[in-house]
Amino acid sequence: MLSRLLLKLRALLLFSLLLGVFLLGVEVYFVVTNSNRPDFFPEGEPQEMTSGLFSAYVHEENPDHIKMKAKGSVLCDFDLDGDLDLYFGYENSYYFENEGDVFKDKTESYDIEDSGCRGVIAGDVDNNGYPDIIKWRFLSEVTPENDCGQIESEEECDAEPDCNWGFNHCNYDGDMVPTPHVIIMNEGNNFYEDGEFLPPIELPFLHSLGLIDADLDGDLDLLAIQEENDDQFMLYLNDGLNSEGFPQFELAYTFYRDYGAYSASRILAIADYDGDGDQDVYVGRKYGINWLFENQTLTGPPGDVSFNSDPQPFFVERAYELGVDDPEVDPIGSMGYGAAWGDYDNDQDFDLYVANWGVNRLYDNDDNQFTNVANAQMIESDTLSNGISWGDYNNDGLMDIWTSNIRNPDDVFINLGDTEWDTSSNPQFLSATQDVVSGDVNGDGYLDVFAAGLKMVNGPAGAKFTSLLYKNVSVDSSALNNNWLKLRLEGSKSTITNGGWSTQSNKSAIGARVVLHLPDQDIMREVIAGKGHGNMEPLLLHFGMNTHLSAQGMTIYWPSRNPQTNQRKVTYVDGPIDANLSYTFVEDIGFVGMKGDANEDDVVNVQDVVITVNLLLSDDTPEPEIFWAVDMNYDNIINVLDVVRILNIILQ
């Protein structure tokens with residue numbers, strides 16, 4: 001009898017131990033790293049200021065929280081040094097350079113345009129190898145009601161309570177002028193030049209943008225969402241650079257359909273949902289029926305498509321047909337405030353999560369047939385949801401969901417597989433969050449989160465914050481021991497030619513899809529530029545690999561054409577591909593190292609300068625990956641400009 005009791009106790013103890021380990025493996029831990037709340041409110045919970053960003057704690061003695069307000073944000077490796085930099089803004093904009101695990105404000109020292117913005121995206125619009133920054137404003141925000149009076153300088157504007165130079169764009173006579181839609185051209189070596197990419201009067205109610213190679217000609221085109229006006233979804237094709245070096249965009253498609261007295265297009269979500277090789281666009285709308293625009297540049301089943309050089313129409317709207325129009329949240333239509341695509345069940349097609357000011361939707365994609373499973377899987381999040389990010393926060397190989405909420409803590413749904421989700425990782429900070437983006441900002445292999453936010457109005461009791469940076473400390477706080485892999489793709493196109501389906505992809509490889517082959521499953525990611533209200537996930541792809549130490553291989557589906565098959569170019573990379581490393585893969589070359597690293601020793605120093613000079617003086621052609629490393633300005637020649645740029649890296 002006693003022995004049986006001991007056996008039962010032993011089994012119970014073992015079960016409890018295993019359950020504890022399981023729970024430790026499930027929960028994901030985040031720490032806010034840009035709040036100095038204890039400086040102003042000592043009784044508050046411990047906070048960190050280790051990220052280098054402005055403090056987000058809303059307090060009258062903390063003016064930095066105003067700088068931290070953001071409607072739009074993007075994490076992107078602007079200087080190609082292997083880590084994610086940050087550009088964000090609202091009343092003004094800021095560029096923070098990542099120096100390993102600490103951000104440094106470089107807006108002024110790099111002379112980067114800093115006017116306010118409603119949203120921001122990034123991508124290499126001119127195919128010069130360096131991602132550019134696109135941001136925009138809203139003409140309706142520039143009104144006589146915001147008149148600044150007789151203003152003679154930016155300093156005087158700052159002194160007026162109702163005037164902000166970056167937000168309202170006052171001129172010296174005190175008159176309101178339209179705020180331009182700004183593109184900041186990245187020339188490399190931390191040199192940026194700003195100009196207009198479209199006149200502001202052309203899109204007076206611009207609410208969101210995205211970058212996409214819609215016609216597959218090897219350059220990036222522009223998607224636009226307007227909140228008001230007759231035309232609420234537009235496509236502008238890239239028509240090359242003007243005489244001043246700024247891109248020219250030509251309107252190629254516009255769509256409007258009225259669903260009521262007030263029906264506003266709010267957000268977009270881009271992905272090649274049908275797998276045919278061109279990216280499609282979901283548009284979330286307020287008080288209206290949501291739209292899904294299927295790109296007609298390629299038609300037919302994957303692997304057997306036909307290219308249409310001038311599709312008429314460019315897009316076909318299919319939301320109602322596919323069951324993703326979401327008409328039932330509100331009696332007069334959807335309340336779409338966020339949407340993003342992600343393959344949560346690893347079945348190699350994109351599922352769609354839609355955030356509403358009501359109940360959220362998870363549309364499961366089964367061979368392009370969609371079914372809402374949010375209620376069944378208990379991830380409806382019936383709060384004021386405002387943005388979505390998919391990310392594998394515990395690196396177990398399954399995509400998780402972060403939902404940003406207004407006046408409520410955000411929701412984090414950790415994917416356990418088999419339609420089960422864990423909710424124990426929800427952050428408890430109150431912020432007027434606009435959207436969220438996920439990226440590994442400190443290089444530890446675990447996804448962190450930047451949540452762009454404004455100042456909360458009429459919220460619940462408690463400490464308030466603006467934009468927050470959440471550091472993922474799961475690996476330090478639990479029994480997690482999962483592995484990861486990061487991949488940056490680079491297309492080989494270096495010009496803008498507008499000549500049909502290109503055999504070379506746009507430099508940012510936007511539209512490329514990667515399937516990582518693990519022993520027990522395949523994991524899919526896609527390079528996407530723009531989502532939600534005007535935020536963007538990194539172009540860098542992140543794969544959780546569970547406990548696998550290597551991948552068996554990977555397959556890259558480029559947005560370019562294979563001239564032998566006249567189908568999508570596909571590159572298979574045989575394994576093993578080691579885990580816990582960051583890779584750069586260049587179309588038509590393969591894996592490469594760092595820019596400027598001529599001897600492939602993972603550091604840029606004077607030896608690389610010597611090697612580059614020798615290559616400059618020699619008639620020998622180096623191996624493609626070495627040529628790529630020393631061709632610093634992507635002009636396909638080795639010259640003294642490349643030497644100068646490598647020296648600049650060393651001397652910074």
# chains A, B, ... in the order shown; residues from 1 in each chain; ligands from 1

$ residues_around --residues "segment 44-46 of chain A" --least-positions-apart "5" --cutoff "10 Å" --atoms "only C-alpha atoms" --output "ChimeraX atom specification"
/A:31-32,35-39,462-463

$ residues_around --residues "Leu75 of chain A" --least-positions-apart "4" --cutoff "6 Å" --atoms "only C-alpha atoms" --output "number ranges by chain"
A: 84-86, 538

$ write_last_selection --atoms "N, CA and C atoms" --output "PDB file, in the first residue's frame"
ATOM      1  N   LEU A  84      19.580  46.070 -37.037  1.00  0.00           N
ATOM      2  CA  LEU A  84      18.381  46.818 -37.411  1.00  0.00           C
ATOM      3  C   LEU A  84      18.402  48.216 -36.808  1.00  0.00           C
ATOM      4  N   ASP A  85      18.337  49.219 -37.674  1.00  0.00           N
ATOM      5  CA  ASP A  85      18.215  50.607 -37.251  1.00  0.00           C
ATOM      6  C   ASP A  85      16.725  50.967 -37.172  1.00  0.00           C
ATOM      7  N   LEU A  86      16.422  52.133 -36.604  1.00  0.00           N
ATOM      8  CA  LEU A  86      15.033  52.504 -36.350  1.00  0.00           C
ATOM      9  C   LEU A  86      14.758  53.915 -36.840  1.00  0.00           C
ATOM     10  N   PRO A 538      10.778  44.262 -40.570  1.00  0.00           N
ATOM     11  CA  PRO A 538      12.098  44.269 -41.212  1.00  0.00           C
ATOM     12  C   PRO A 538      12.106  43.476 -42.520  1.00  0.00           C
TER      13      PRO A 538
END

$ residues_around --residues "Ile406 of chain A" --least-positions-apart "6" --cutoff "9 Å" --atoms "only C-alpha atoms" --output "list in words"
Thr383, Leu384, Ser385, Asn386, Leu430, Ser431, Ala432, Thr433, Gln434, Met456 and Gly459 of chain A

$ residues_around --residues "Ile379 of chain A" --least-positions-apart "5" --cutoff "12 Å" --atoms "only C-alpha atoms" --output "PyMOL selection string"
chain A and resi 353-355+359-363+372-374+385+400-403+411-415+419-423

$ closest_atom_pairs --of "segment 230-257 of chain A" --to "segment 488-502 of chain A" --cutoff "10 Å" --atoms "only C-alpha atoms" --output "tab-separated table"
residue	atom	partner	partner_atom	distance
A:Leu237	CA	A:Asn498	CA	9.2
A:Asn238	CA	A:Asn498	CA	8.0
A:Asp239	CA	A:Asn498	CA	7.3
A:Gly240	CA	A:Ile496	CA	5.7
A:Leu241	CA	A:Ile496	CA	8.3

$ write_last_selection --atoms "C-alpha atoms" --output "tab-separated table (two decimals), in the first residue's frame"
chain	number	residue	atom	x	y	z
A	237	LEU	CA	4.46	52.39	-61.06
A	238	ASN	CA	8.11	53.36	-60.74
A	239	ASP	CA	9.01	55.44	-63.81
A	240	GLY	CA	12.67	55.97	-62.97
A	241	LEU	CA	14.54	58.91	-61.51

$ select_by_dssp --residues "segment 438-519 of chain A" --states "helix (DSSP H, G or I)" --output "PyMOL selection string"
chain A and resi 474-477

$ closest_residue --among "A:Val644, A:Ala509, A:Leu615, A:Leu298" --to "Gly218 of chain A" --atoms "only C-alpha atoms"
A:Ala509

$ closest_residue --among "A:Asn546, A:Thr503, A:Ser306, A:Gln369" --to "Pro563 of chain A" --atoms "only C-alpha atoms"
A:Thr503

$ atom_distance --atom1 "atom CA of Leu487 of chain A" --atom2 "atom CA of Tyr583 of chain A"
4.8 Å
